[in-house]
Amino acid sequence: MRQLTRAAVIAAAYTALVFIFEFASFGPIQFRVAEALTLLPMVYPEAVAGIYVGALLANVLGGVGPWDIFGGSLVSLLAAFITYRFRHHRIIPYASPIVLNAFLVSAYLHFIFDVPYWFLVLTIGLGQAAVVLILGVPFLRLVRKYQDRFL
């Protein structure tokens with residue numbers, strides 16, 4: 001029950017952060033603050049489901065369309081799974097949400113916004129890297145330090 005609750009809280013937090021920072025969460029240039037949560041599978045396996053459900057809800061409500069709803073949510077699921085699977089590796093869990101979003105999300109945003117693919121790889125990748133490394137890493141350290149006190 002604790003894991004289910006934690007997954008639900010992560011999903012709700014992801015969705016809420018997307019809409020609190022909606023101006024930067026969608027489009028060809030993104031700084032999706034909610035992506036800081038994508039490192040949580042390194043601590044909590046149930047975060048994989050939480051990230052997926054949060055991304056799915058955010059993308060359904062975000063209005064970019066079916067490609068973002070299905071494609072973006074599946075990219076988040078894949079990145080969260082890889083982060084969990086390689087949680088003891090020094091680079092892969094941090095790189096997976098950055099690289100997968102940069103290359104895969106850019107692939108469909110290229111068609112939605114009619115923006116050059118490599119420009120999107122650059123902008124999405126830089127936004128992801130900033131969020132994951134500047135916000136996500138310190139957040140992960142905090143969670144690890146106090147994980148016994150969280151849900």
# chains A, B, ... in the order shown; residues from 1 in each chain; ligands from 1

call {"tool": "select_by_dssp", "arguments": {"residues": "chain A", "states": "alpha helix (DSSP H)", "output": "short mmCIF file (atom, residue, chain, number, x, y, z; two decimals) with N, CA and C atoms, in the first residue's frame"}}
result
data_model
loop_
_atom_site.label_atom_id
_atom_site.label_comp_id
_atom_site.auth_asym_id
_atom_site.auth_seq_id
_atom_site.Cartn_x
_atom_site.Cartn_y
_atom_site.Cartn_z
N ARG A 2 1.98 1.21 0.72
CA ARG A 2 2.88 2.36 0.79
C ARG A 2 3.44 2.70 -0.59
N GLN A 3 3.80 1.66 -1.37
CA GLN A 3 4.36 1.88 -2.71
C GLN A 3 3.31 2.49 -3.64
N LEU A 4 2.09 2.02 -3.55
CA LEU A 4 1.01 2.56 -4.38
C LEU A 4 0.75 4.03 -4.04
N THR A 5 0.75 4.33 -2.76
CA THR A 5 0.57 5.72 -2.33
C THR A 5 1.70 6.60 -2.84
N ARG A 6 2.92 6.10 -2.71
CA ARG A 6 4.08 6.87 -3.18
C ARG A 6 4.01 7.11 -4.69
N ALA A 7 3.64 6.08 -5.45
CA ALA A 7 3.50 6.23 -6.90
C ALA A 7 2.44 7.28 -7.23
N ALA A 8 1.33 7.26 -6.50
CA ALA A 8 0.26 8.23 -6.74
C ALA A 8 0.71 9.65 -6.40
N VAL A 9 1.46 9.81 -5.33
CA VAL A 9 1.96 11.13 -4.95
C VAL A 9 2.94 11.65 -6.00
N ILE A 10 3.81 10.77 -6.50
CA ILE A 10 4.75 11.16 -7.56
C ILE A 10 4.00 11.57 -8.82
N ALA A 11 2.99 10.79 -9.20
CA ALA A 11 2.18 11.13 -10.38
C ALA A 11 1.50 12.48 -10.21
N ALA A 12 0.92 12.70 -9.04
CA ALA A 12 0.24 13.97 -8.78
C ALA A 12 1.22 15.14 -8.77
N ALA A 13 2.39 14.93 -8.17
CA ALA A 13 3.41 15.99 -8.13
C ALA A 13 3.90 16.32 -9.53
N TYR A 14 4.13 15.29 -10.35
CA TYR A 14 4.59 15.50 -11.72
C TYR A 14 3.55 16.33 -12.49
N THR A 15 2.30 15.90 -12.42
CA THR A 15 1.23 16.60 -13.14
C THR A 15 1.09 18.03 -12.65
N ALA A 16 1.11 18.22 -11.34
CA ALA A 16 0.97 19.57 -10.78
C ALA A 16 2.13 20.47 -11.22
N LEU A 17 3.36 19.95 -11.18
CA LEU A 17 4.51 20.76 -11.59
C LEU A 17 4.44 21.16 -13.07
N VAL A 18 3.93 20.25 -13.90
CA VAL A 18 3.79 20.59 -15.32
C VAL A 18 2.87 21.79 -15.48
N PHE A 19 1.79 21.84 -14.72
CA PHE A 19 0.83 22.92 -14.90
C PHE A 19 1.17 24.17 -14.10
N ILE A 20 1.90 24.04 -13.03
CA ILE A 20 2.38 25.23 -12.33
C ILE A 20 3.36 25.99 -13.24
N ALA A 47 8.36 4.62 -8.47
CA ALA A 47 8.41 5.91 -9.16
C ALA A 47 8.32 5.74 -10.67
N VAL A 48 8.68 4.56 -11.18
CA VAL A 48 8.55 4.31 -12.63
C VAL A 48 7.09 4.50 -13.04
N ALA A 49 6.19 3.85 -12.30
CA ALA A 49 4.75 3.99 -12.60
C ALA A 49 4.27 5.41 -12.32
N GLY A 50 4.75 6.03 -11.26
CA GLY A 50 4.35 7.38 -10.92
C GLY A 50 4.73 8.39 -11.99
N ILE A 51 5.95 8.27 -12.51
CA ILE A 51 6.40 9.17 -13.58
C ILE A 51 5.55 8.96 -14.83
N TYR A 52 5.31 7.70 -15.17
CA TYR A 52 4.51 7.41 -16.37
C TYR A 52 3.10 7.98 -16.25
N VAL A 53 2.43 7.71 -15.14
CA VAL A 53 1.05 8.19 -14.96
C VAL A 53 1.03 9.72 -14.91
N GLY A 54 2.00 10.32 -14.24
CA GLY A 54 2.06 11.78 -14.18
C GLY A 54 2.26 12.39 -15.55
N ALA A 55 3.17 11.82 -16.33
CA ALA A 55 3.40 12.32 -17.69
C ALA A 55 2.16 12.11 -18.56
N LEU A 56 1.53 10.97 -18.43
CA LEU A 56 0.31 10.69 -19.20
C LEU A 56 -0.78 11.70 -18.88
N LEU A 57 -1.04 11.93 -17.61
CA LEU A 57 -2.06 12.91 -17.21
C LEU A 57 -1.71 14.31 -17.69
N ALA A 58 -0.46 14.69 -17.51
CA ALA A 58 -0.03 16.03 -17.94
C ALA A 58 -0.18 16.19 -19.45
N ASN A 59 0.19 15.15 -20.19
CA ASN A 59 0.11 15.24 -21.65
C ASN A 59 -1.32 15.16 -22.16
N VAL A 60 -2.20 14.45 -21.47
CA VAL A 60 -3.62 14.43 -21.84
C VAL A 60 -4.21 15.83 -21.64
N LEU A 61 -3.87 16.45 -20.54
CA LEU A 61 -4.42 17.77 -20.21
C LEU A 61 -3.70 18.91 -20.93
N GLY A 62 -2.50 18.61 -21.46
CA GLY A 62 -1.67 19.65 -22.06
C GLY A 62 -2.11 20.14 -23.42
N PRO A 66 -2.29 13.65 -29.59
CA PRO A 66 -2.05 12.22 -29.38
C PRO A 66 -0.57 11.83 -29.39
N SER A 73 4.51 10.11 -23.15
CA SER A 73 4.31 9.29 -21.95
C SER A 73 5.13 8.01 -22.03
N LEU A 74 5.20 7.40 -23.21
CA LEU A 74 6.02 6.19 -23.36
C LEU A 74 7.51 6.49 -23.25
N VAL A 75 7.94 7.65 -23.73
CA VAL A 75 9.33 8.04 -23.55
C VAL A 75 9.63 8.19 -22.06
N SER A 76 8.71 8.80 -21.32
CA SER A 76 8.89 8.95 -19.87
C SER A 76 8.94 7.59 -19.18
N LEU A 77 8.09 6.67 -19.60
CA LEU A 77 8.10 5.32 -19.03
C LEU A 77 9.42 4.62 -19.31
N LEU A 78 9.89 4.69 -20.54
CA LEU A 78 11.16 4.06 -20.91
C LEU A 78 12.32 4.68 -20.13
N ALA A 79 12.37 5.99 -20.05
CA ALA A 79 13.44 6.67 -19.31
C ALA A 79 13.40 6.30 -17.83
N ALA A 80 12.21 6.26 -17.25
CA ALA A 80 12.08 5.90 -15.83
C ALA A 80 12.51 4.46 -15.59
N PHE A 81 12.14 3.56 -16.51
CA PHE A 81 12.55 2.16 -16.36
C PHE A 81 14.07 2.03 -16.45
N ILE A 82 14.68 2.69 -17.42
CA ILE A 82 16.14 2.63 -17.57
C ILE A 82 16.82 3.24 -16.35
N THR A 83 16.28 4.34 -15.85
CA THR A 83 16.83 4.95 -14.64
C THR A 83 16.79 3.96 -13.48
N TYR A 84 15.67 3.25 -13.33
CA TYR A 84 15.56 2.24 -12.28
C TYR A 84 16.52 1.07 -12.53
N ARG A 85 16.50 0.55 -13.74
CA ARG A 85 17.30 -0.63 -14.08
C ARG A 85 18.80 -0.39 -13.88
N ILE A 92 24.33 6.32 -16.59
CA ILE A 92 23.11 5.95 -17.32
C ILE A 92 21.82 6.46 -16.68
N PRO A 93 21.62 6.34 -15.37
CA PRO A 93 20.32 6.80 -14.84
C PRO A 93 20.11 8.31 -14.95
N TYR A 94 21.17 9.06 -14.97
CA TYR A 94 21.06 10.51 -15.13
C TYR A 94 20.89 10.88 -16.61
N ALA A 95 21.53 10.12 -17.46
CA ALA A 95 21.51 10.42 -18.90
C ALA A 95 20.22 9.97 -19.58
N SER A 96 19.59 8.91 -19.09
CA SER A 96 18.44 8.36 -19.81
C SER A 96 17.30 9.36 -20.00
N PRO A 97 16.86 10.11 -18.98
CA PRO A 97 15.78 11.06 -19.27
C PRO A 97 16.21 12.21 -20.19
N ILE A 98 17.49 12.54 -20.14
CA ILE A 98 18.00 13.63 -20.99
C ILE A 98 18.07 13.18 -22.44
N VAL A 99 18.75 12.07 -22.68
CA VAL A 99 18.99 11.60 -24.04
C VAL A 99 17.70 11.14 -24.71
N LEU A 100 16.89 10.36 -24.00
CA LEU A 100 15.66 9.85 -24.61
C LEU A 100 14.69 10.98 -24.96
N SER A 106 11.77 14.97 -29.53
CA SER A 106 12.05 15.87 -30.68
C SER A 106 11.54 15.29 -31.99
N ALA A 107 11.53 13.96 -32.09
CA ALA A 107 11.11 13.32 -33.34
C ALA A 107 9.66 13.63 -33.67
N TYR A 108 8.78 13.63 -32.68
CA TYR A 108 7.38 13.94 -33.00
C TYR A 108 7.08 15.43 -32.90
N LEU A 109 7.81 16.16 -32.02
CA LEU A 109 7.58 17.60 -31.97
C LEU A 109 7.98 18.28 -33.28
N HIS A 110 8.93 17.67 -33.97
CA HIS A 110 9.35 18.17 -35.29
C HIS A 110 8.15 18.28 -36.23
N PHE A 111 7.28 17.29 -36.21
CA PHE A 111 6.10 17.29 -37.08
C PHE A 111 4.98 18.18 -36.54
N ILE A 112 4.83 18.23 -35.23
CA ILE A 112 3.76 19.03 -34.63
C ILE A 112 4.02 20.53 -34.82
N PHE A 113 5.26 20.95 -34.57
CA PHE A 113 5.56 22.39 -34.59
C PHE A 113 6.29 22.83 -35.85
N TYR A 117 14.40 19.21 -36.74
CA TYR A 117 14.64 18.15 -35.75
C TYR A 117 15.86 18.44 -34.89
N TRP A 118 16.98 18.78 -35.49
CA TRP A 118 18.21 18.96 -34.70
C TRP A 118 18.14 20.17 -33.79
N PHE A 119 17.38 21.18 -34.18
CA PHE A 119 17.14 22.30 -33.28
C PHE A 119 16.40 21.82 -32.03
N LEU A 120 15.39 20.98 -32.25
CA LEU A 120 14.61 20.43 -31.13
C LEU A 120 15.46 19.53 -30.25
N VAL A 121 16.31 18.71 -30.87
CA VAL A 121 17.21 17.87 -30.07
C VAL A 121 18.04 18.75 -29.14
N LEU A 122 18.53 19.84 -29.68
CA LEU A 122 19.35 20.76 -28.89
C LEU A 122 18.53 21.42 -27.78
N THR A 123 17.37 21.99 -28.12
CA THR A 123 16.60 22.73 -27.11
C THR A 123 15.99 21.80 -26.06
N ILE A 124 15.43 20.68 -26.51
CA ILE A 124 14.85 19.73 -25.55
C ILE A 124 15.95 19.13 -24.70
N GLY A 125 17.06 18.77 -25.31
CA GLY A 125 18.19 18.18 -24.57
C GLY A 125 18.77 19.13 -23.54
N LEU A 126 18.95 20.39 -23.92
CA LEU A 126 19.49 21.37 -22.96
C LEU A 126 18.52 21.63 -21.81
N GLY A 127 17.24 21.73 -22.14
CA GLY A 127 16.23 21.91 -21.09
C GLY A 127 16.18 20.74 -20.14
N GLN A 128 16.21 19.52 -20.70
CA GLN A 128 16.21 18.32 -19.88
C GLN A 128 17.46 18.25 -19.00
N ALA A 129 18.61 18.52 -19.60
CA ALA A 129 19.86 18.46 -18.85
C ALA A 129 19.83 19.45 -17.69
N ALA A 130 19.35 20.65 -17.95
CA ALA A 130 19.28 21.66 -16.89
C ALA A 130 18.38 21.20 -15.75
N VAL A 137 19.22 16.40 -9.43
CA VAL A 137 20.31 15.81 -8.63
C VAL A 137 20.25 16.28 -7.17
N PRO A 138 20.12 17.59 -6.90
CA PRO A 138 19.99 17.99 -5.49
C PRO A 138 18.73 17.43 -4.83
N PHE A 139 17.63 17.36 -5.60
CA PHE A 139 16.40 16.78 -5.06
C PHE A 139 16.62 15.30 -4.71
N LEU A 140 17.31 14.58 -5.59
CA LEU A 140 17.60 13.17 -5.33
C LEU A 140 18.44 13.02 -4.05
N ARG A 141 19.43 13.87 -3.88
CA ARG A 141 20.25 13.82 -2.66
C ARG A 141 19.39 14.05 -1.41
N LEU A 142 18.48 15.00 -1.50
CA LEU A 142 17.58 15.28 -0.38
C LEU A 142 16.69 14.08 -0.07
N VAL A 143 16.14 13.49 -1.11
CA VAL A 143 15.27 12.32 -0.93
C VAL A 143 16.06 11.17 -0.31
N ARG A 144 17.26 10.93 -0.79
CA ARG A 144 18.08 9.85 -0.23
C ARG A 144 18.40 10.11 1.24
N LYS A 145 18.66 11.34 1.57
CA LYS A 145 19.02 11.69 2.94
C LYS A 145 17.85 11.45 3.89
#

call {"tool": "atom_distance", "arguments": {"atom1": "atom CA of Ile134 of chain A", "atom2": "atom CA of His88 of chain A"}}
result
19.9 Å

call {"tool": "atom_distance", "arguments": {"atom1": "atom CA of Ala102 of chain A", "atom2": "atom CA of Pro41 of chain A"}}
result
19.5 Å

call {"tool": "atom_distance", "arguments": {"atom1": "atom CA of Phe31 of chain A", "atom2": "atom CA of Arg149 of chain A"}}
result
29.1 Å

call {"tool": "closest_residue", "arguments": {"among": "A:Ile91, A:Val105, A:Val115, A:Met1", "to": "Gly71 of chain A", "atoms": "only C-alpha atoms"}}
result
A:Val105

call {"tool": "closest_residue", "arguments": {"among": "A:Phe23, A:Gln30, A:Leu104, A:Asp114", "to": "Gly72 of chain A", "atoms": "only C-alpha atoms"}}
result
A:Leu104
